[in-house]
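Novice: Structure: work29.txt, compact mmCIF, N, CA and C atoms.
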# COMPACT_ATOMS: atom_id res chain seq x y z
N MET A 1 -16.13 -12.05 -3.31
CA MET A 1 -16.62 -10.69 -3.25
C MET A 1 -16.96 -10.25 -4.67
N ARG A 2 -17.97 -9.41 -4.78
CA ARG A 2 -18.39 -8.92 -6.09
C ARG A 2 -17.55 -7.70 -6.48
N ILE A 3 -17.67 -7.30 -7.72
CA ILE A 3 -16.80 -6.25 -8.26
C ILE A 3 -16.96 -4.93 -7.50
N GLY A 4 -18.18 -4.59 -7.10
CA GLY A 4 -18.40 -3.36 -6.34
C GLY A 4 -17.72 -3.40 -4.98
N GLU A 5 -17.75 -4.56 -4.35
CA GLU A 5 -17.10 -4.72 -3.05
C GLU A 5 -15.58 -4.63 -3.19
N LEU A 6 -15.05 -5.24 -4.25
CA LEU A 6 -13.61 -5.18 -4.49
C LEU A 6 -13.20 -3.74 -4.80
N ALA A 7 -14.00 -3.05 -5.57
CA ALA A 7 -13.72 -1.65 -5.89
C ALA A 7 -13.69 -0.81 -4.61
N ALA A 8 -14.66 -1.01 -3.75
CA ALA A 8 -14.73 -0.25 -2.50
C ALA A 8 -13.54 -0.58 -1.59
N ALA A 9 -13.13 -1.84 -1.58
CA ALA A 9 -12.03 -2.27 -0.70
C ALA A 9 -10.67 -1.79 -1.19
N THR A 10 -10.54 -1.50 -2.48
CA THR A 10 -9.23 -1.17 -3.04
C THR A 10 -9.09 0.25 -3.57
N GLY A 11 -10.21 0.93 -3.77
CA GLY A 11 -10.17 2.26 -4.36
C GLY A 11 -10.08 2.25 -5.87
N ALA A 12 -10.12 1.08 -6.46
CA ALA A 12 -10.11 0.96 -7.92
C ALA A 12 -11.55 1.01 -8.42
N SER A 13 -11.75 1.56 -9.60
CA SER A 13 -13.09 1.59 -10.17
C SER A 13 -13.43 0.20 -10.74
N PRO A 14 -14.71 -0.13 -10.84
CA PRO A 14 -15.07 -1.39 -11.48
C PRO A 14 -14.51 -1.50 -12.91
N ARG A 15 -14.48 -0.38 -13.61
CA ARG A 15 -13.91 -0.37 -14.96
C ARG A 15 -12.43 -0.76 -14.93
N ALA A 16 -11.68 -0.20 -13.98
CA ALA A 16 -10.26 -0.55 -13.85
C ALA A 16 -10.10 -2.03 -13.52
N LEU A 17 -10.95 -2.54 -12.65
CA LEU A 17 -10.87 -3.96 -12.29
C LEU A 17 -11.12 -4.85 -13.50
N ARG A 18 -12.10 -4.49 -14.33
CA ARG A 18 -12.35 -5.26 -15.55
C ARG A 18 -11.13 -5.17 -16.48
N HIS A 19 -10.51 -4.01 -16.52
CA HIS A 19 -9.32 -3.82 -17.35
C HIS A 19 -8.16 -4.68 -16.83
N TYR A 20 -7.96 -4.72 -15.52
CA TYR A 20 -6.92 -5.57 -14.93
C TYR A 20 -7.18 -7.03 -15.26
N GLU A 21 -8.46 -7.41 -15.22
CA GLU A 21 -8.81 -8.79 -15.52
C GLU A 21 -8.54 -9.10 -16.99
N GLN A 22 -8.90 -8.19 -17.87
CA GLN A 22 -8.64 -8.39 -19.29
C GLN A 22 -7.14 -8.50 -19.58
N ALA A 23 -6.33 -7.77 -18.80
CA ALA A 23 -4.88 -7.81 -18.95
C ALA A 23 -4.27 -9.06 -18.33
N GLY A 24 -5.07 -9.86 -17.64
CA GLY A 24 -4.57 -11.10 -17.03
C GLY A 24 -3.92 -10.91 -15.68
N LEU A 25 -4.14 -9.75 -15.06
CA LEU A 25 -3.53 -9.48 -13.76
C LEU A 25 -4.36 -9.99 -12.59
N ILE A 26 -5.66 -10.07 -12.77
CA ILE A 26 -6.54 -10.64 -11.75
C ILE A 26 -7.51 -11.58 -12.46
N ALA A 27 -8.16 -12.42 -11.67
CA ALA A 27 -9.12 -13.38 -12.23
C ALA A 27 -10.37 -13.41 -11.37
N SER A 28 -11.46 -13.75 -12.02
CA SER A 28 -12.72 -13.90 -11.29
C SER A 28 -13.42 -15.17 -11.76
N GLU A 29 -14.35 -15.59 -10.97
CA GLU A 29 -15.25 -16.68 -11.35
C GLU A 29 -16.58 -16.01 -11.68
N ARG A 30 -17.41 -16.67 -12.44
CA ARG A 30 -18.74 -16.13 -12.73
C ARG A 30 -19.77 -16.86 -11.88
N ALA A 31 -20.56 -16.06 -11.18
CA ALA A 31 -21.64 -16.63 -10.38
C ALA A 31 -22.76 -17.07 -11.32
N ALA A 32 -23.72 -17.77 -10.80
CA ALA A 32 -24.84 -18.27 -11.62
C ALA A 32 -25.58 -17.12 -12.31
N ASN A 33 -25.59 -15.96 -11.67
CA ASN A 33 -26.28 -14.81 -12.25
C ASN A 33 -25.40 -14.03 -13.23
N GLY A 34 -24.17 -14.50 -13.46
CA GLY A 34 -23.26 -13.86 -14.41
C GLY A 34 -22.34 -12.82 -13.80
N TYR A 35 -22.57 -12.50 -12.52
CA TYR A 35 -21.72 -11.50 -11.86
C TYR A 35 -20.33 -12.07 -11.62
N ARG A 36 -19.36 -11.18 -11.65
CA ARG A 36 -17.99 -11.59 -11.32
C ARG A 36 -17.88 -11.79 -9.81
N ALA A 37 -17.17 -12.84 -9.43
CA ALA A 37 -16.91 -13.11 -8.02
C ALA A 37 -15.40 -13.24 -7.85
N TYR A 38 -14.85 -12.43 -6.95
CA TYR A 38 -13.40 -12.41 -6.72
C TYR A 38 -13.08 -13.02 -5.37
N ASP A 39 -11.95 -13.70 -5.31
CA ASP A 39 -11.43 -14.21 -4.06
C ASP A 39 -11.04 -13.01 -3.18
N ALA A 40 -11.17 -13.15 -1.88
CA ALA A 40 -10.83 -12.04 -0.97
C ALA A 40 -9.37 -11.60 -1.12
N GLY A 41 -8.48 -12.52 -1.46
CA GLY A 41 -7.07 -12.20 -1.64
C GLY A 41 -6.80 -11.30 -2.84
N THR A 42 -7.78 -11.18 -3.73
CA THR A 42 -7.61 -10.34 -4.91
C THR A 42 -7.42 -8.88 -4.51
N ALA A 43 -7.94 -8.49 -3.36
CA ALA A 43 -7.79 -7.10 -2.91
C ALA A 43 -6.32 -6.75 -2.71
N VAL A 44 -5.53 -7.66 -2.17
CA VAL A 44 -4.10 -7.43 -1.99
C VAL A 44 -3.44 -7.24 -3.35
N ARG A 45 -3.79 -8.09 -4.29
CA ARG A 45 -3.22 -8.02 -5.63
C ARG A 45 -3.57 -6.68 -6.29
N VAL A 46 -4.82 -6.26 -6.17
CA VAL A 46 -5.24 -5.00 -6.79
C VAL A 46 -4.51 -3.82 -6.14
N ARG A 47 -4.37 -3.84 -4.83
CA ARG A 47 -3.63 -2.75 -4.17
C ARG A 47 -2.19 -2.69 -4.67
N ASN A 48 -1.57 -3.84 -4.86
CA ASN A 48 -0.20 -3.88 -5.38
C ASN A 48 -0.14 -3.38 -6.83
N ILE A 49 -1.10 -3.77 -7.63
CA ILE A 49 -1.16 -3.28 -9.01
C ILE A 49 -1.26 -1.76 -9.01
N ARG A 50 -2.15 -1.24 -8.19
CA ARG A 50 -2.34 0.22 -8.13
C ARG A 50 -1.07 0.92 -7.63
N ARG A 51 -0.37 0.30 -6.69
CA ARG A 51 0.87 0.86 -6.18
C ARG A 51 1.92 0.95 -7.29
N LEU A 52 2.03 -0.10 -8.09
CA LEU A 52 3.00 -0.11 -9.19
C LEU A 52 2.61 0.88 -10.28
N LEU A 53 1.32 0.98 -10.56
CA LEU A 53 0.86 1.95 -11.55
C LEU A 53 1.12 3.38 -11.07
N ALA A 54 0.89 3.62 -9.79
CA ALA A 54 1.14 4.95 -9.23
C ALA A 54 2.62 5.31 -9.26
N ALA A 55 3.47 4.30 -9.26
CA ALA A 55 4.92 4.54 -9.33
C ALA A 55 5.38 4.84 -10.76
N GLY A 56 4.46 4.74 -11.72
CA GLY A 56 4.80 5.10 -13.10
C GLY A 56 4.90 3.94 -14.06
N LEU A 57 4.66 2.72 -13.58
CA LEU A 57 4.71 1.56 -14.47
C LEU A 57 3.40 1.44 -15.23
N THR A 58 3.44 0.71 -16.33
CA THR A 58 2.25 0.45 -17.13
C THR A 58 1.72 -0.95 -16.78
N LEU A 59 0.53 -1.26 -17.26
CA LEU A 59 -0.01 -2.61 -17.02
C LEU A 59 0.90 -3.68 -17.64
N ASP A 60 1.47 -3.37 -18.79
CA ASP A 60 2.42 -4.34 -19.39
C ASP A 60 3.63 -4.53 -18.48
N ASP A 61 4.11 -3.44 -17.89
CA ASP A 61 5.24 -3.53 -16.96
C ASP A 61 4.87 -4.38 -15.74
N VAL A 62 3.66 -4.21 -15.26
CA VAL A 62 3.21 -4.90 -14.05
C VAL A 62 3.22 -6.41 -14.24
N GLN A 63 3.07 -6.87 -15.49
CA GLN A 63 3.08 -8.31 -15.76
C GLN A 63 4.33 -8.99 -15.20
N VAL A 64 5.45 -8.27 -15.21
CA VAL A 64 6.72 -8.82 -14.72
C VAL A 64 6.63 -9.15 -13.23
N PHE A 65 5.79 -8.43 -12.52
CA PHE A 65 5.70 -8.56 -11.07
C PHE A 65 4.62 -9.55 -10.63
N LEU A 66 4.00 -10.26 -11.57
CA LEU A 66 2.93 -11.21 -11.22
C LEU A 66 3.30 -12.17 -10.09
N PRO A 67 4.52 -12.72 -10.07
CA PRO A 67 4.83 -13.67 -9.00
C PRO A 67 4.78 -13.09 -7.59
N CYS A 68 4.88 -11.78 -7.45
CA CYS A 68 4.89 -11.21 -6.10
C CYS A 68 3.71 -10.29 -5.82
N LEU A 69 2.70 -10.27 -6.67
CA LEU A 69 1.57 -9.36 -6.47
C LEU A 69 0.65 -9.77 -5.32
N ASP A 70 0.75 -11.01 -4.88
CA ASP A 70 -0.14 -11.47 -3.82
C ASP A 70 0.43 -11.26 -2.42
N GLY A 71 1.65 -10.73 -2.34
CA GLY A 71 2.27 -10.46 -1.05
C GLY A 71 2.59 -8.98 -0.91
N ASP A 72 3.54 -8.69 -0.08
CA ASP A 72 3.97 -7.31 0.12
C ASP A 72 5.00 -6.97 -0.95
N VAL A 73 4.54 -6.33 -2.01
CA VAL A 73 5.40 -6.03 -3.16
C VAL A 73 6.58 -5.14 -2.77
N THR A 74 6.39 -4.29 -1.80
CA THR A 74 7.46 -3.37 -1.40
C THR A 74 8.54 -4.08 -0.57
N ALA A 75 8.19 -5.20 0.06
CA ALA A 75 9.15 -5.91 0.91
C ALA A 75 9.85 -7.05 0.17
N ALA A 76 9.30 -7.44 -0.97
CA ALA A 76 9.89 -8.56 -1.72
C ALA A 76 11.23 -8.13 -2.31
N PRO A 77 12.19 -9.05 -2.37
CA PRO A 77 13.47 -8.69 -3.00
C PRO A 77 13.25 -8.41 -4.48
N ALA A 78 13.91 -7.39 -4.97
CA ALA A 78 13.76 -6.99 -6.37
C ALA A 78 14.44 -8.00 -7.28
N SER A 79 13.76 -8.37 -8.35
CA SER A 79 14.36 -9.27 -9.32
C SER A 79 15.11 -8.43 -10.36
N ALA A 80 16.05 -9.06 -11.01
CA ALA A 80 16.82 -8.36 -12.05
C ALA A 80 15.88 -7.89 -13.16
N ARG A 81 14.91 -8.71 -13.50
CA ARG A 81 13.97 -8.33 -14.56
C ARG A 81 13.10 -7.17 -14.11
N GLY A 82 12.65 -7.19 -12.87
CA GLY A 82 11.84 -6.09 -12.34
C GLY A 82 12.62 -4.78 -12.33
N ILE A 83 13.88 -4.84 -11.93
CA ILE A 83 14.74 -3.65 -11.92
C ILE A 83 14.90 -3.13 -13.34
N ARG A 84 15.12 -4.04 -14.29
CA ARG A 84 15.30 -3.64 -15.69
C ARG A 84 14.05 -2.95 -16.22
N VAL A 85 12.88 -3.50 -15.92
CA VAL A 85 11.61 -2.89 -16.36
C VAL A 85 11.46 -1.50 -15.76
N ALA A 86 11.75 -1.37 -14.47
CA ALA A 86 11.63 -0.08 -13.80
C ALA A 86 12.61 0.94 -14.38
N ARG A 87 13.84 0.52 -14.64
CA ARG A 87 14.83 1.43 -15.24
C ARG A 87 14.42 1.85 -16.66
N ASP A 88 13.89 0.91 -17.43
CA ASP A 88 13.42 1.23 -18.78
C ASP A 88 12.27 2.23 -18.73
N ARG A 89 11.34 2.02 -17.80
CA ARG A 89 10.20 2.94 -17.66
C ARG A 89 10.69 4.31 -17.23
N LEU A 90 11.66 4.36 -16.33
CA LEU A 90 12.22 5.63 -15.89
C LEU A 90 12.87 6.37 -17.06
N ALA A 91 13.57 5.64 -17.92
CA ALA A 91 14.19 6.26 -19.09
C ALA A 91 13.13 6.85 -20.03
N VAL A 92 12.03 6.13 -20.21
CA VAL A 92 10.94 6.64 -21.04
C VAL A 92 10.37 7.92 -20.44
N LEU A 93 10.13 7.90 -19.13
CA LEU A 93 9.59 9.08 -18.46
C LEU A 93 10.55 10.26 -18.53
N ASP A 94 11.85 10.01 -18.33
CA ASP A 94 12.84 11.08 -18.44
C ASP A 94 12.85 11.68 -19.84
N ALA A 95 12.75 10.83 -20.86
CA ALA A 95 12.73 11.33 -22.24
C ALA A 95 11.50 12.18 -22.50
N ARG A 96 10.35 11.74 -21.98
CA ARG A 96 9.12 12.53 -22.15
C ARG A 96 9.22 13.87 -21.44
N ILE A 97 9.77 13.86 -20.25
CA ILE A 97 9.93 15.10 -19.49
C ILE A 97 10.87 16.05 -20.24
N ALA A 98 11.96 15.53 -20.76
CA ALA A 98 12.91 16.36 -21.51
C ALA A 98 12.24 16.95 -22.75
N ALA A 99 11.45 16.15 -23.45
CA ALA A 99 10.76 16.63 -24.64
C ALA A 99 9.75 17.71 -24.28
N GLN A 100 9.00 17.50 -23.22
CA GLN A 100 8.00 18.50 -22.79
C GLN A 100 8.69 19.78 -22.31
N THR A 101 9.81 19.65 -21.63
CA THR A 101 10.56 20.82 -21.16
C THR A 101 11.06 21.63 -22.35
N ALA A 102 11.56 20.95 -23.37
CA ALA A 102 12.04 21.64 -24.57
C ALA A 102 10.90 22.38 -25.26
N ILE A 103 9.74 21.76 -25.35
CA ILE A 103 8.57 22.42 -25.95
C ILE A 103 8.17 23.63 -25.12
N ARG A 104 8.15 23.47 -23.80
CA ARG A 104 7.79 24.58 -22.92
C ARG A 104 8.76 25.74 -23.09
N ASP A 105 10.06 25.42 -23.15
CA ASP A 105 11.08 26.46 -23.31
C ASP A 105 10.92 27.20 -24.64
N ARG A 106 10.61 26.46 -25.70
CA ARG A 106 10.40 27.11 -27.00
C ARG A 106 9.19 28.04 -26.96
N LEU A 107 8.13 27.59 -26.31
CA LEU A 107 6.93 28.43 -26.20
C LEU A 107 7.20 29.66 -25.36
N ALA A 108 7.91 29.51 -24.25
CA ALA A 108 8.25 30.66 -23.40
C ALA A 108 9.12 31.65 -24.17
N THR A 109 10.06 31.15 -24.96
CA THR A 109 10.91 32.02 -25.77
C THR A 109 10.07 32.76 -26.81
N ALA A 110 9.16 32.06 -27.45
CA ALA A 110 8.30 32.69 -28.45
C ALA A 110 7.45 33.79 -27.82
N LEU A 111 6.95 33.55 -26.63
CA LEU A 111 6.15 34.58 -25.94
C LEU A 111 7.01 35.78 -25.58
N ARG A 112 8.22 35.52 -25.09
CA ARG A 112 9.12 36.64 -24.77
C ARG A 112 9.46 37.45 -26.02
N ASP A 113 9.73 36.74 -27.12
CA ASP A 113 10.06 37.42 -28.38
C ASP A 113 8.88 38.23 -28.90
N ALA A 114 7.67 37.81 -28.53
CA ALA A 114 6.47 38.53 -28.97
C ALA A 114 6.17 39.71 -28.06
N GLY A 115 6.97 39.90 -27.03
CA GLY A 115 6.80 41.04 -26.14
C GLY A 115 6.02 40.74 -24.88
N ASP A 116 5.71 39.49 -24.62
CA ASP A 116 5.01 39.10 -23.39
C ASP A 116 6.04 38.75 -22.33
N ALA A 117 6.15 39.56 -21.28
CA ALA A 117 7.17 39.36 -20.25
C ALA A 117 6.74 38.36 -19.18
N THR A 118 5.52 37.86 -19.25
CA THR A 118 5.04 36.90 -18.26
C THR A 118 5.71 35.55 -18.49
N PRO A 119 6.32 34.94 -17.46
CA PRO A 119 6.98 33.64 -17.64
C PRO A 119 6.00 32.53 -17.92
Let me see the structure of the file written as structure tokens.
Specialist:
Amino acid sequence: MRIGELAAATGASPRALRHYEQAGLIASERAANGYRAYDAGTAVRVRNIRRLLAAGLTLDDVQVFLPCLDGDVTAAPASARGIRVARDRLAVLDARIAAQTAIRDRLATALRDAGDATP
């Protein structure tokens, strides 16, 4: 299947697919005309990549899950390394949320001190 067909089948943009390929998460062959040609099974892999990204993981994090990207990623038993990556990512997200909350609270306090009663 060509990149446009894979994009339509998975909801990923062609740009995202090229990015996944550059990251080594998917592979294509080149047709005689230079177009990328993907195996039909690549759609499953792309859907799993998108599922992991939507859960908050990064493309680097997704590398850990390469062995199970071609099947049902949600049904596969979790590996210790996969759990560790997910916990580390969660800690990063929690730290970012805490930092943003602190900034928001400081701004809200500054507005209140300036006489603006709007939260």
Novice: What gap, in Å, lies between atom N of Ile3 in chain A and CA of Ser28 in chain A?
Specialist: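 So the answer is 9.0 Å.
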Novice: Hey, what's within 7 Å of range 73-84 of chain A if we count all atoms listed in the file and toss same-chain stuff fewer than 5 positions away? As a PDB file with N, CA and C atoms, in the coordinates of the input, please?
Specialist:
ATOM      1  N   ASN A  48      -1.570  -3.840  -4.860  1.00  0.00           N
ATOM      2  CA  ASN A  48      -0.200  -3.880  -5.380  1.00  0.00           C
ATOM      3  C   ASN A  48      -0.140  -3.380  -6.830  1.00  0.00           C
ATOM      4  N   VAL A  64       5.450  -8.270 -15.210  1.00  0.00           N
ATOM      5  CA  VAL A  64       6.720  -8.820 -14.720  1.00  0.00           C
ATOM      6  C   VAL A  64       6.630  -9.150 -13.230  1.00  0.00           C
ATOM      7  N   PHE A  65       5.790  -8.430 -12.520  1.00  0.00           N
ATOM      8  CA  PHE A  65       5.700  -8.560 -11.070  1.00  0.00           C
ATOM      9  C   PHE A  65       4.620  -9.550 -10.630  1.00  0.00           C
ATOM     10  N   CYS A  68       4.880 -11.780  -7.450  1.00  0.00           N
ATOM     11  CA  CYS A  68       4.890 -11.210  -6.100  1.00  0.00           C
ATOM     12  C   CYS A  68       3.710 -10.290  -5.820  1.00  0.00           C
ATOM     13  N   ARG A  89      11.340   2.020 -17.800  1.00  0.00           N
ATOM     14  CA  ARG A  89      10.200   2.940 -17.660  1.00  0.00           C
ATOM     15  C   ARG A  89      10.690   4.310 -17.230  1.00  0.00           C
TER      16      ARG A  89
END
Novice: Between atom N of Ile49 in chain A and atom N of Ala27 in chain A, measure the distance and give it in Å to one decimal.
Specialist: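 That distance, rounded to one decimal, is 11.9 Å.
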Novice: How many Å lie between atom N of Arg2 in chain A and atom C of Ala37 in chain A, rounded to one decimal?
Specialist: 5.5 Å
Novice: List the neighbours of Gly41 in chain A out to 7 Å using all atoms listed in the file; skip same-chain residues closer than 4 positions along the sequence, and give me the result as a VMD selection string.
Specialist: chain A and resid 45 to 46 70
Novice: What parts of chain A does DSSP call strand (DSSP E or B)? I'd like the answer as a list in words.
Specialist: Arg2, Glu29, Arg30, Arg36 and Ala37 of chain A
Novice: Now that the selection is made, can you save its residues with N, CA and C atoms as a PDB file, in the coordinates of the input?
Specialist:
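Result file is result06.pdb:
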ATOM      1  N   ARG A   2     -17.970  -9.410  -4.780  1.00  0.00           N
ATOM      2  CA  ARG A   2     -18.390  -8.920  -6.090  1.00  0.00           C
ATOM      3  C   ARG A   2     -17.550  -7.700  -6.480  1.00  0.00           C
ATOM      4  N   GLU A  29     -14.350 -15.590 -10.970  1.00  0.00           N
ATOM      5  CA  GLU A  29     -15.250 -16.680 -11.350  1.00  0.00           C
ATOM      6  C   GLU A  29     -16.580 -16.010 -11.680  1.00  0.00           C
ATOM      7  N   ARG A  30     -17.410 -16.670 -12.440  1.00  0.00           N
ATOM      8  CA  ARG A  30     -18.740 -16.130 -12.730  1.00  0.00           C
ATOM      9  C   ARG A  30     -19.770 -16.860 -11.880  1.00  0.00           C
ATOM     10  N   ARG A  36     -19.360 -11.180 -11.650  1.00  0.00           N
ATOM     11  CA  ARG A  36     -17.990 -11.590 -11.320  1.00  0.00           C
ATOM     12  C   ARG A  36     -17.880 -11.790  -9.810  1.00  0.00           C
ATOM     13  N   ALA A  37     -17.170 -12.840  -9.430  1.00  0.00           N
ATOM     14  CA  ALA A  37     -16.910 -13.110  -8.020  1.00  0.00           C
ATOM     15  C   ALA A  37     -15.400 -13.240  -7.850  1.00  0.00           C
TER      16      ALA A  37
END
Novice: From the options A:Arg106, A:Arg47, A:Arg96, A:Arg112, which residue's atoms come nearest to Ala9 in chain A, counting only N, CA and C atoms?
Specialist: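 Of the candidates, the smallest distance to Ala9 in chain A is held by A:Arg47.
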Novice: Which one is closest to Ala40 in chain A: A:Ile26, A:Ala86, A:Ala114, A:Ala99? Count only C-alpha atoms.
Specialist: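 Checking each of A:Ile26, A:Ala86, A:Ala114, A:Ala99 against Ala40 in chain A, counting only C-alpha atoms, the winner is A:Ile26.
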Novice: Would you mind listing what lies within 12 Å of Leu90 in chain A as a compact mmCIF listing (two decimals) with N, CA and C atoms, in the coordinates of the input, with only C-alpha atoms counted and same-chain residues fewer than 3 positions away left out?
Specialist:
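Written file, part_34.txt:
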# COMPACT_ATOMS: atom_id res chain seq x y z
N ALA A 55 3.47 4.30 -9.26
CA ALA A 55 4.92 4.54 -9.33
C ALA A 55 5.38 4.84 -10.76
N GLY A 56 4.46 4.74 -11.72
CA GLY A 56 4.80 5.10 -13.10
C GLY A 56 4.90 3.94 -14.06
N LEU A 57 4.66 2.72 -13.58
CA LEU A 57 4.71 1.56 -14.47
C LEU A 57 3.40 1.44 -15.23
N THR A 58 3.44 0.71 -16.33
CA THR A 58 2.25 0.45 -17.13
C THR A 58 1.72 -0.95 -16.78
N ASP A 61 4.11 -3.44 -17.89
CA ASP A 61 5.24 -3.53 -16.96
C ASP A 61 4.87 -4.38 -15.74
N ILE A 83 13.88 -4.84 -11.93
CA ILE A 83 14.74 -3.65 -11.92
C ILE A 83 14.90 -3.13 -13.34
N ARG A 84 15.12 -4.04 -14.29
CA ARG A 84 15.30 -3.64 -15.69
C ARG A 84 14.05 -2.95 -16.22
N VAL A 85 12.88 -3.50 -15.92
CA VAL A 85 11.61 -2.89 -16.36
C VAL A 85 11.46 -1.50 -15.76
N ALA A 86 11.75 -1.37 -14.47
CA ALA A 86 11.63 -0.08 -13.80
C ALA A 86 12.61 0.94 -14.38
N ARG A 87 13.84 0.52 -14.64
CA ARG A 87 14.83 1.43 -15.24
C ARG A 87 14.42 1.85 -16.66
N LEU A 93 10.13 7.90 -19.13
CA LEU A 93 9.59 9.08 -18.46
C LEU A 93 10.55 10.26 -18.53
N ASP A 94 11.85 10.01 -18.33
CA ASP A 94 12.84 11.08 -18.44
C ASP A 94 12.85 11.68 -19.84
N ALA A 95 12.75 10.83 -20.86
CA ALA A 95 12.73 11.33 -22.24
C ALA A 95 11.50 12.18 -22.50
N ARG A 96 10.35 11.74 -21.98
CA ARG A 96 9.12 12.53 -22.15
C ARG A 96 9.22 13.87 -21.44
N ILE A 97 9.77 13.86 -20.25
CA ILE A 97 9.93 15.10 -19.49
C ILE A 97 10.87 16.05 -20.24
Novice: Check the smallest atom-to-atom distance from each of A:Ala102, A:Ala43, A:Ala23, A:Ala32 to Leu6 in chain A using all atoms listed in the file, then report the winner.
Specialist: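 Using all atoms listed in the file, Leu6 in chain A sits closest to A:Ala43.
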Novice: Nearest to Arg50 in chain A: which of A:Gln100, A:Gln63, A:Thr10, A:Gln22 is it, counting only C-alpha atoms?
Specialist: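 The answer is A:Thr10, which sits nearest to Arg50 in chain A.
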Novice: Which residue is closest to Tyr38 in chain A? Choose from A:Ala91, A:Ala98, A:Asp105, A:Ala7 and count only C-alpha atoms.
Specialist: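 For Tyr38 in chain A, the nearest of the candidates is A:Ala7.
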Novice: Restricting the calculation to only N, CA and C atoms: of A:Met1, A:Arg15, A:Val62, A:Gly71, which residue gets closest to Tyr35 in chain A?
Specialist: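 Checking each candidate against Tyr35 in chain A, we get A:Met1 as the closest.
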Novice: Starting from the sparse input, extend range 28-33 of chain A to all heavy atoms and give the output as a PDB file, keeping the file's coordinate frame.
Specialist:
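Result saved to result-v3.pdb:
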ATOM      1  N   SER A  28     -11.460 -13.750 -12.020  1.00  0.00           N
ATOM      2  CA  SER A  28     -12.720 -13.900 -11.290  1.00  0.00           C
ATOM      3  C   SER A  28     -13.420 -15.170 -11.760  1.00  0.00           C
ATOM      4  O   SER A  28     -13.081 -15.725 -12.797  1.00  0.00           O
ATOM      5  CB  SER A  28     -13.632 -12.692 -11.544  1.00  0.00           C
ATOM      6  OG  SER A  28     -14.066 -12.673 -12.891  1.00  0.00           O
ATOM      7  N   GLU A  29     -14.350 -15.590 -10.970  1.00  0.00           N
ATOM      8  CA  GLU A  29     -15.250 -16.680 -11.350  1.00  0.00           C
ATOM      9  C   GLU A  29     -16.580 -16.010 -11.680  1.00  0.00           C
ATOM     10  O   GLU A  29     -16.851 -14.899 -11.221  1.00  0.00           O
ATOM     11  CB  GLU A  29     -15.452 -17.632 -10.162  1.00  0.00           C
ATOM     12  CG  GLU A  29     -14.172 -18.171  -9.585  1.00  0.00           C
ATOM     13  CD  GLU A  29     -13.848 -19.560 -10.074  1.00  0.00           C
ATOM     14  OE1 GLU A  29     -14.786 -20.255 -10.475  1.00  0.00           O
ATOM     15  OE2 GLU A  29     -12.671 -19.908 -10.059  1.00  0.00           O
ATOM     16  N   ARG A  30     -17.410 -16.670 -12.440  1.00  0.00           N
ATOM     17  CA  ARG A  30     -18.740 -16.130 -12.730  1.00  0.00           C
ATOM     18  C   ARG A  30     -19.770 -16.860 -11.880  1.00  0.00           C
ATOM     19  O   ARG A  30     -19.818 -18.075 -11.843  1.00  0.00           O
ATOM     20  CB  ARG A  30     -19.080 -16.307 -14.212  1.00  0.00           C
ATOM     21  CG  ARG A  30     -18.272 -15.442 -15.145  1.00  0.00           C
ATOM     22  CD  ARG A  30     -18.576 -13.968 -14.918  1.00  0.00           C
ATOM     23  NE  ARG A  30     -17.798 -13.148 -15.826  1.00  0.00           N
ATOM     24  CZ  ARG A  30     -18.228 -12.034 -16.354  1.00  0.00           C
ATOM     25  NH1 ARG A  30     -19.428 -11.569 -16.042  1.00  0.00           N
ATOM     26  NH2 ARG A  30     -17.461 -11.349 -17.148  1.00  0.00           N
ATOM     27  N   ALA A  31     -20.560 -16.060 -11.180  1.00  0.00           N
ATOM     28  CA  ALA A  31     -21.640 -16.630 -10.380  1.00  0.00           C
ATOM     29  C   ALA A  31     -22.760 -17.070 -11.320  1.00  0.00           C
ATOM     30  O   ALA A  31     -22.734 -16.740 -12.519  1.00  0.00           O
ATOM     31  CB  ALA A  31     -22.152 -15.584  -9.382  1.00  0.00           C
ATOM     32  N   ALA A  32     -23.720 -17.770 -10.800  1.00  0.00           N
ATOM     33  CA  ALA A  32     -24.840 -18.270 -11.620  1.00  0.00           C
ATOM     34  C   ALA A  32     -25.580 -17.120 -12.310  1.00  0.00           C
ATOM     35  O   ALA A  32     -26.075 -17.274 -13.420  1.00  0.00           O
ATOM     36  CB  ALA A  32     -25.805 -19.066 -10.736  1.00  0.00           C
ATOM     37  N   ASN A  33     -25.590 -15.960 -11.670  1.00  0.00           N
ATOM     38  CA  ASN A  33     -26.280 -14.810 -12.250  1.00  0.00           C
ATOM     39  C   ASN A  33     -25.400 -14.030 -13.230  1.00  0.00           C
ATOM     40  O   ASN A  33     -25.794 -13.008 -13.766  1.00  0.00           O
ATOM     41  CB  ASN A  33     -26.786 -13.876 -11.149  1.00  0.00           C
ATOM     42  CG  ASN A  33     -25.682 -13.349 -10.255  1.00  0.00           C
ATOM     43  OD1 ASN A  33     -24.504 -13.579 -10.514  1.00  0.00           O
ATOM     44  ND2 ASN A  33     -26.067 -12.652  -9.200  1.00  0.00           N
TER      45      ASN A  33
END
